[in-house]
>>> print(open('target_8.cif').read())   # mmCIF, C-alpha atoms
data_final
#
loop_
_atom_site.label_atom_id
_atom_site.label_comp_id
_atom_site.auth_asym_id
_atom_site.auth_seq_id
_atom_site.Cartn_x
_atom_site.Cartn_y
_atom_site.Cartn_z
CA MET R 94 4.45 17.13 -18.15
CA THR R 95 1.48 18.83 -16.48
CA ASP R 96 0.98 22.05 -18.43
CA THR R 97 -0.30 22.16 -22.00
CA HIS R 98 -0.72 24.82 -24.67
CA ASN R 99 -4.06 25.74 -23.12
CA THR R 100 -2.93 25.81 -19.48
CA ALA R 101 0.73 26.96 -19.46
CA PRO R 102 0.86 30.28 -17.56
CA THR R 103 1.95 33.47 -19.26
CA ARG R 104 5.26 34.61 -17.81
CA PHE R 105 7.34 37.74 -18.31
CA VAL R 106 11.04 38.53 -18.45
CA SER R 107 12.36 42.09 -18.32
CA ILE R 108 15.03 43.17 -20.81
CA ALA R 109 16.21 46.77 -21.15
CA GLY R 110 13.07 48.09 -19.50
CA ASP R 111 10.54 46.10 -21.53
CA ARG R 112 8.57 43.01 -20.46
CA TYR R 113 8.53 40.12 -22.91
CA ALA R 114 5.65 37.67 -22.57
CA TYR R 115 6.30 33.95 -22.98
CA ARG R 116 4.95 30.51 -22.13
CA ARG R 117 7.10 27.47 -21.49
CA TRP R 118 6.10 23.87 -20.96
CA GLY R 119 6.94 20.32 -22.00
CA LYS R 120 9.34 17.50 -21.21
CA THR R 121 11.93 19.09 -18.92
CA ASP R 122 14.27 16.09 -18.68
CA SER R 123 14.77 15.80 -22.43
CA LEU R 124 18.28 15.64 -23.85
CA LEU R 125 17.08 17.97 -26.61
CA PRO R 126 17.27 21.74 -26.10
CA PRO R 127 14.05 23.76 -25.83
CA ILE R 128 12.45 24.82 -29.10
CA LEU R 129 11.56 28.50 -29.47
CA LEU R 130 8.66 29.39 -31.79
CA LEU R 131 8.49 32.77 -33.58
CA GLN R 132 5.09 33.76 -34.98
CA HIS R 133 3.65 35.36 -38.12
CA PHE R 134 2.60 38.96 -38.87
CA ARG R 135 0.86 40.44 -35.79
CA GLY R 136 0.54 36.95 -34.32
CA GLY R 137 0.72 36.22 -30.61
CA MET R 138 1.08 33.06 -28.55
CA ASP R 139 -2.49 31.92 -29.20
CA HIS R 140 -2.11 31.98 -32.97
CA TRP R 141 -0.25 28.66 -32.72
CA ASP R 142 -2.04 25.35 -33.13
CA PRO R 143 -2.27 23.48 -29.79
CA LEU R 144 -2.09 20.15 -31.62
CA LEU R 145 1.26 21.21 -33.05
CA THR R 146 2.78 22.78 -29.92
CA ASP R 147 1.66 20.01 -27.56
CA GLY R 148 2.93 17.45 -30.05
CA LEU R 149 6.38 19.04 -29.99
CA ALA R 150 6.21 19.31 -26.17
CA GLU R 151 5.96 15.55 -25.80
CA GLY R 152 9.69 15.30 -26.47
CA ARG R 153 11.16 18.56 -25.14
CA GLU R 154 10.32 21.99 -23.78
CA VAL R 155 8.41 24.37 -26.04
CA ILE R 156 8.72 28.15 -25.64
CA LEU R 157 6.25 30.59 -27.20
CA PHE R 158 7.33 34.22 -27.27
CA ASN R 159 5.94 37.66 -28.10
CA GLY R 160 8.47 40.13 -29.43
CA ARG R 161 8.80 43.73 -28.34
CA GLY R 162 5.38 45.43 -28.33
CA VAL R 163 3.58 42.37 -29.75
CA ALA R 164 0.33 41.25 -28.04
CA SER R 165 1.06 41.00 -24.29
CA SER R 166 4.68 42.21 -24.48
CA SER R 167 5.47 45.85 -23.73
CA GLY R 168 7.61 48.31 -25.64
CA THR R 169 7.71 49.97 -29.04
CA PRO R 170 7.31 47.47 -31.91
CA ARG R 171 10.39 46.96 -34.03
CA THR R 172 10.49 48.10 -37.65
CA ARG R 173 13.43 45.95 -38.80
CA ILE R 174 13.73 42.16 -38.89
CA GLU R 175 17.33 42.25 -37.65
CA ASP R 176 16.22 44.13 -34.52
CA MET R 177 13.44 41.59 -33.91
CA ALA R 178 16.02 38.81 -34.27
CA ASP R 179 18.39 40.48 -31.81
CA ASP R 180 15.53 40.91 -29.32
CA ALA R 181 14.72 37.19 -29.59
CA ALA R 182 18.40 36.34 -29.03
CA ALA R 183 18.46 38.59 -25.96
CA PHE R 184 15.33 36.82 -24.70
CA VAL R 185 17.01 33.41 -25.08
CA ARG R 186 20.02 34.61 -23.12
CA ALA R 187 17.79 36.20 -20.45
CA LEU R 188 16.29 32.75 -19.83
CA GLY R 189 19.81 31.43 -19.24
CA LEU R 190 19.74 29.11 -22.25
CA GLN R 191 22.97 28.22 -24.01
CA GLN R 192 21.35 26.74 -27.11
CA ILE R 193 17.91 26.24 -28.65
CA ASP R 194 16.20 24.71 -31.61
CA LEU R 195 14.38 27.44 -33.50
CA LEU R 196 11.11 27.41 -35.48
CA GLY R 197 9.88 30.47 -37.35
CA PHE R 198 6.69 30.85 -39.36
CA SER R 199 6.22 33.57 -42.00
CA LEU R 200 7.53 36.84 -40.51
CA GLY R 201 8.74 34.70 -37.62
CA GLY R 202 10.75 32.76 -40.20
CA PHE R 203 12.42 35.97 -41.34
CA GLN R 204 13.41 36.53 -37.71
CA ALA R 205 14.55 32.93 -37.21
CA LEU R 206 16.75 33.07 -40.31
CA ASP R 207 18.31 36.36 -39.22
CA LEU R 208 18.76 35.14 -35.64
CA THR R 209 20.60 32.06 -36.84
CA TRP R 210 22.78 34.12 -39.18
CA ARG R 211 23.55 36.80 -36.58
CA HIS R 212 23.80 34.56 -33.47
CA PRO R 213 24.83 31.14 -34.82
CA GLN R 214 26.11 29.84 -31.49
CA LEU R 215 22.58 29.95 -30.04
CA VAL R 216 20.91 27.71 -32.63
CA ARG R 217 21.33 23.94 -32.93
CA LYS R 218 18.65 23.25 -35.58
CA LEU R 219 16.47 25.58 -37.62
CA MET R 220 12.92 25.18 -38.96
CA LEU R 221 11.56 27.65 -41.52
CA LEU R 222 7.84 27.46 -42.34
CA GLY R 223 6.02 29.52 -44.98
CA THR R 224 8.86 32.01 -45.21
CA GLY R 225 11.72 33.23 -47.37
CA PRO R 226 15.17 34.85 -47.47
CA ARG R 227 16.23 38.45 -47.70
CA GLY R 228 16.16 39.47 -51.32
CA GLY R 229 13.73 36.74 -52.35
CA ASP R 230 10.53 36.97 -54.38
CA PRO R 231 8.04 39.37 -52.70
CA GLU R 232 5.23 39.02 -55.26
CA MET R 233 2.32 38.09 -53.00
CA GLU R 234 -1.22 37.99 -54.38
CA THR R 235 -2.94 41.39 -54.44
CA ARG R 236 -5.79 40.19 -52.23
CA VAL R 237 -3.29 39.54 -49.42
CA LEU R 238 -2.77 43.28 -49.05
CA THR R 239 -6.43 43.84 -48.15
CA THR R 240 -6.92 40.66 -46.10
CA ALA R 241 -3.87 40.26 -43.86
CA VAL R 242 -4.37 43.76 -42.42
CA ASN R 243 -7.95 43.26 -41.19
CA ASP R 244 -8.21 44.45 -37.58
CA VAL R 245 -10.01 41.27 -36.49
CA PRO R 246 -9.07 38.39 -38.80
CA THR R 247 -11.91 35.98 -39.55
CA LEU R 248 -12.00 32.30 -40.36
CA GLU R 249 -12.50 33.24 -44.01
CA ASP R 250 -9.35 35.39 -43.90
CA PHE R 251 -7.33 32.48 -42.54
CA GLN R 252 -8.81 30.07 -45.07
CA TYR R 253 -7.62 32.28 -47.90
CA LEU R 254 -4.25 33.29 -46.44
CA PHE R 255 -3.06 30.00 -44.92
CA PHE R 256 -4.84 27.03 -46.50
CA GLY R 257 -5.35 25.18 -49.77
CA ARG R 258 -8.45 25.53 -51.91
CA SER R 259 -9.95 22.02 -51.88
CA PRO R 260 -12.93 21.11 -49.65
CA ALA R 261 -10.59 19.01 -47.51
CA ALA R 262 -8.19 21.94 -47.06
CA GLN R 263 -11.03 24.28 -46.13
CA GLN R 264 -12.32 21.75 -43.58
CA ALA R 265 -8.81 21.56 -42.11
CA ALA R 266 -8.94 25.35 -41.74
CA ARG R 267 -12.19 25.14 -39.77
CA GLU R 268 -10.70 22.49 -37.47
CA PHE R 269 -7.58 24.59 -36.93
CA TRP R 270 -9.72 27.63 -36.16
CA GLN R 271 -11.55 25.70 -33.43
CA ARG R 272 -8.32 24.39 -31.89
CA ARG R 273 -6.61 27.77 -31.74
CA HIS R 274 -9.54 29.32 -29.85
CA GLN R 275 -9.72 26.65 -27.13
CA ARG R 276 -7.62 28.48 -24.55
CA VAL R 277 -9.76 30.50 -22.13
CA ASP R 278 -7.31 33.32 -21.26
CA GLN R 279 -6.27 34.24 -24.79
CA ASP R 280 -3.32 36.52 -25.51
CA PRO R 281 -4.60 40.03 -26.34
CA PRO R 282 -4.49 41.05 -30.00
CA SER R 283 -1.55 43.08 -31.23
CA SER R 284 -2.06 46.83 -31.60
CA PRO R 285 -2.38 48.67 -34.93
CA GLN R 286 1.11 50.02 -34.25
CA VAL R 287 2.46 46.46 -34.46
CA ALA R 288 0.92 46.03 -37.92
CA ILE R 289 2.43 49.31 -39.12
CA ALA R 290 5.87 48.46 -37.76
CA GLN R 291 5.88 44.94 -39.17
CA ILE R 292 4.71 46.11 -42.61
CA GLU R 293 7.70 48.46 -42.65
CA ALA R 294 9.97 45.58 -41.62
CA ASN R 295 8.57 43.46 -44.47
CA LEU R 296 9.17 46.23 -46.99
CA HIS R 297 12.84 46.37 -46.04
CA TYR R 298 13.32 42.60 -45.90
CA LEU R 299 11.54 41.14 -48.92
CA PRO R 300 12.44 43.12 -52.06
CA ARG R 301 14.91 41.53 -54.43
CA VAL R 302 18.52 42.53 -53.87
CA VAL R 303 20.16 43.76 -57.07
CA GLU R 304 23.56 42.15 -56.83
CA ASP R 305 25.40 39.21 -58.36
CA ASP R 306 24.99 36.83 -55.43
CA PRO R 307 22.12 37.95 -53.17
CA PHE R 308 21.92 34.63 -51.31
CA ALA R 309 25.60 34.34 -50.40
CA TYR R 310 24.77 34.86 -46.72
CA LEU R 311 22.57 31.75 -46.77
CA ARG R 312 25.60 29.60 -47.56
CA THR R 313 27.18 30.66 -44.26
CA ILE R 314 24.31 29.09 -42.26
CA HIS R 315 25.39 25.50 -41.58
CA GLN R 316 22.80 24.41 -39.02
CA PRO R 317 20.60 21.50 -40.12
CA THR R 318 17.54 23.22 -41.55
CA PHE R 319 13.98 22.04 -42.19
CA ILE R 320 12.07 24.09 -44.77
CA LEU R 321 8.32 23.67 -45.28
CA ASN R 322 5.74 25.32 -47.48
CA GLY R 323 2.54 24.55 -49.29
CA VAL R 324 2.57 24.13 -53.05
CA HIS R 325 0.80 27.49 -53.46
CA ASP R 326 1.68 30.15 -50.89
CA VAL R 327 -0.20 33.40 -51.62
CA MET R 328 1.77 35.40 -49.02
CA VAL R 329 5.43 34.37 -49.34
CA PRO R 330 5.66 32.69 -52.77
CA THR R 331 6.74 29.05 -52.57
CA ILE R 332 9.73 29.70 -54.85
CA ASN R 333 11.40 31.34 -51.83
CA SER R 334 11.58 27.95 -50.12
CA PHE R 335 13.51 26.62 -53.11
CA TYR R 336 15.92 29.58 -52.94
CA MET R 337 16.69 28.72 -49.32
CA ALA R 338 17.01 24.98 -49.94
CA ARG R 339 19.36 25.52 -52.89
CA ASN R 340 21.68 27.83 -50.94
CA MET R 341 21.70 26.56 -47.34
CA PRO R 342 24.28 23.75 -47.11
CA ASN R 343 22.33 21.50 -44.70
CA ALA R 344 18.73 22.22 -45.67
CA GLN R 345 15.97 19.81 -46.59
CA LEU R 346 12.75 20.94 -48.26
CA PHE R 347 9.16 19.73 -47.80
CA ILE R 348 6.36 20.91 -50.09
CA TYR R 349 2.90 19.74 -49.04
CA PRO R 350 0.28 19.24 -51.80
CA ASP R 351 -3.01 21.14 -51.82
CA ALA R 352 -1.62 23.45 -49.13
CA GLY R 353 -0.69 27.10 -48.75
CA HIS R 354 1.16 29.43 -46.43
CA GLY R 355 0.24 27.55 -43.23
CA ALA R 356 0.94 24.00 -44.38
CA GLN R 357 1.81 22.94 -40.81
CA PHE R 358 -1.68 24.02 -39.65
CA GLN R 359 -3.44 22.26 -42.50
CA CYS R 360 -1.49 19.00 -42.02
CA PRO R 361 -0.44 19.02 -38.33
CA GLU R 362 -0.05 15.25 -37.97
CA ARG R 363 2.09 15.02 -41.12
CA PHE R 364 4.14 18.00 -39.97
CA LEU R 365 4.74 16.49 -36.53
CA TYR R 366 5.82 13.21 -38.11
CA HIS R 367 8.43 15.02 -40.19
CA ALA R 368 9.45 17.62 -37.57
CA VAL R 369 9.95 15.23 -34.64
CA ARG R 370 12.22 13.02 -36.71
CA PHE R 371 14.22 15.96 -38.02
CA LEU R 372 14.75 17.37 -34.54
CA ALA R 373 15.74 13.99 -33.07
CA GLU R 374 18.27 13.04 -35.76
#
>>> encode(input="target_8.cif", output="structure tokens")
Amino acid sequence: MTDTHNTAPTRFVSIAGDRYAYRRWGKTDSLLPPILLLQHFRGGMDHWDPLLTDGLAEGREVILFNGRGVASSSGTPRTRIEDMADDAAAFVRALGLQQIDLLGFSLGGFQALDLTWRHPQLVRKLMLLGTGPRGGDPEMETRVLTTAVNDVPTLEDFQYLFFGRSPAAQQAAREFWQRRHQRVDQDPPSSPQVAIAQIEANLHYLPRVVEDDPFAYLRTIHQPTFILNGVHDVMVPTINSFYMARNMPNAQLFIYPDAGHGAQFQCPERFLYHAVRFLAE
């Protein structure tokens, strides 16, 4: 492996007239399929933690991806999670891949869950981080509504949104912030139109479904599934992780103490220990 998170070139693939940006690097002779990572609200390829992505790349190829209209990808941003999921599936097929492992964080987790449900043949194993199911509990803290939408997110925004409240958790946030800004040629920020479109997608995805069995669709997803959240997620309440674990037949649940929405960023070494073993089983 020669490329890393900070050196892998940005590439593009054209699908239906739009150019999707991606980066791909890692162990190419692995018996494991590539792992595709789907990012949070407005997030691009440089919102991932290099410690995390390079750690995963030691054992297989890692693919980072910007959806339609997000950051360096062209096109009109999608306003529905199912359309984002279908775009990601089309991207996988455009790369000529028969199967992937799939990791989604936050809004990327919504997409990963829908992609697996709608295109089950493409996904071998599924990882859902800081996310929830359709029809789950949408009751985020009020402050999220005025923080997550800031045009230029600050360290303080990320500390509140993604991390625990202890001094150790806040120090972990500062270390993450330094790591994620190490790459010289950073992905451009997503446009305001992306934020508007993704807020609309959230509003259609999250509200509780008033029916007798709203999570029945989860029981049709049989891929081995790794679910992670912090004990107190202010954005996608942690109870949503329990809903998924209770209804997905092959799911296992990890709750990290003194952690929030971005538990994998606060505890990257612990996450890699758990994730690498799950993916290799």
>>> closest_residue(input="target_8.cif", among="R:Leu131, R:His354, R:Leu221, R:Leu149", to="Met177 of chain R", atoms="only C-alpha atoms")
R:Leu131
>>> resolve_selection(input="target_8.cif", expression="the PyMOL selection byres ((chain R and resi 125) around 8)", output="number ranges by chain")
R: 123-124, 126-127, 152-153, 373
>>> residues_around(input="target_8.cif", residues="Ala181 of chain R", least_positions_apart="6", cutoff="9 Å", atoms="only C-alpha atoms", output="short mmCIF file (atom, residue, chain, number, x, y, z; two decimals) with C-alpha atoms, keeping the file's coordinate frame")
data_model
loop_
_atom_site.label_atom_id
_atom_site.label_comp_id
_atom_site.auth_asym_id
_atom_site.auth_seq_id
_atom_site.Cartn_x
_atom_site.Cartn_y
_atom_site.Cartn_z
CA LEU R 131 8.49 32.77 -33.58
CA PHE R 158 7.33 34.22 -27.27
CA ASN R 159 5.94 37.66 -28.10
CA GLY R 160 8.47 40.13 -29.43
CA ARG R 161 8.80 43.73 -28.34
CA GLN R 204 13.41 36.53 -37.71
CA ALA R 205 14.55 32.93 -37.21
CA LEU R 208 18.76 35.14 -35.64
#
>>> resolve_selection(input="target_8.cif", expression="the PyMOL selection byres ((chain R and resi 331) around 12)", output="JSON list (two decimals) with C-alpha atoms, in the frame of the given file")
[["chain", "number", "residue", "atom", "x", "y", "z"],
["R", 199, "SER", "CA", 6.22, 33.57, -42.00],
["R", 222, "LEU", "CA", 7.84, 27.46, -42.34],
["R", 223, "GLY", "CA", 6.02, 29.52, -44.98],
["R", 224, "THR", "CA", 8.86, 32.01, -45.21],
["R", 225, "GLY", "CA", 11.72, 33.23, -47.37],
["R", 226, "PRO", "CA", 15.17, 34.85, -47.47],
["R", 229, "GLY", "CA", 13.73, 36.74, -52.35],
["R", 230, "ASP", "CA", 10.53, 36.97, -54.38],
["R", 231, "PRO", "CA", 8.04, 39.37, -52.70],
["R", 232, "GLU", "CA", 5.23, 39.02, -55.26],
["R", 233, "MET", "CA", 2.32, 38.09, -53.00],
["R", 320, "ILE", "CA", 12.07, 24.09, -44.77],
["R", 321, "LEU", "CA", 8.32, 23.67, -45.28],
["R", 322, "ASN", "CA", 5.74, 25.32, -47.48],
["R", 323, "GLY", "CA", 2.54, 24.55, -49.29],
["R", 324, "VAL", "CA", 2.57, 24.13, -53.05],
["R", 325, "HIS", "CA", 0.80, 27.49, -53.46],
["R", 326, "ASP", "CA", 1.68, 30.15, -50.89],
["R", 327, "VAL", "CA", -0.20, 33.40, -51.62],
["R", 328, "MET", "CA", 1.77, 35.40, -49.02],
["R", 329, "VAL", "CA", 5.43, 34.37, -49.34],
["R", 330, "PRO", "CA", 5.66, 32.69, -52.77],
["R", 332, "ILE", "CA", 9.73, 29.70, -54.85],
["R", 333, "ASN", "CA", 11.40, 31.34, -51.83],
["R", 334, "SER", "CA", 11.58, 27.95, -50.12],
["R", 335, "PHE", "CA", 13.51, 26.62, -53.11],
["R", 336, "TYR", "CA", 15.92, 29.58, -52.94],
["R", 337, "MET", "CA", 16.69, 28.72, -49.32],
["R", 338, "ALA", "CA", 17.01, 24.98, -49.94],
["R", 346, "LEU", "CA", 12.75, 20.94, -48.26],
["R", 347, "PHE", "CA", 9.16, 19.73, -47.80],
["R", 348, "ILE", "CA", 6.36, 20.91, -50.09],
["R", 349, "TYR", "CA", 2.90, 19.74, -49.04],
["R", 350, "PRO", "CA", 0.28, 19.24, -51.80],
["R", 352, "ALA", "CA", -1.62, 23.45, -49.13],
["R", 353, "GLY", "CA", -0.69, 27.10, -48.75],
["R", 354, "HIS", "CA", 1.16, 29.43, -46.43],
["R", 355, "GLY", "CA", 0.24, 27.55, -43.23],
["R", 356, "ALA", "CA", 0.94, 24.00, -44.38]]
>>> resolve_selection(input="target_8.cif", expression="the PyMOL selection byres ((chain R and resi 315) around 8)", output="PDB file with C-alpha atoms, in the frame of the given file")
ATOM      1  CA  ARG R 312      25.600  29.600 -47.560  1.00  0.00           C
ATOM      2  CA  THR R 313      27.180  30.660 -44.260  1.00  0.00           C
ATOM      3  CA  ILE R 314      24.310  29.090 -42.260  1.00  0.00           C
ATOM      4  CA  GLN R 316      22.800  24.410 -39.020  1.00  0.00           C
ATOM      5  CA  PRO R 317      20.600  21.500 -40.120  1.00  0.00           C
ATOM      6  CA  MET R 341      21.700  26.560 -47.340  1.00  0.00           C
ATOM      7  CA  PRO R 342      24.280  23.750 -47.110  1.00  0.00           C
ATOM      8  CA  ASN R 343      22.330  21.500 -44.700  1.00  0.00           C
TER       9      ASN R 343
END
>>> atom_distance(input="target_8.cif", atom1="atom CA of Thr121 of chain R", atom2="atom CA of Gln192 of chain R")
14.6 Å
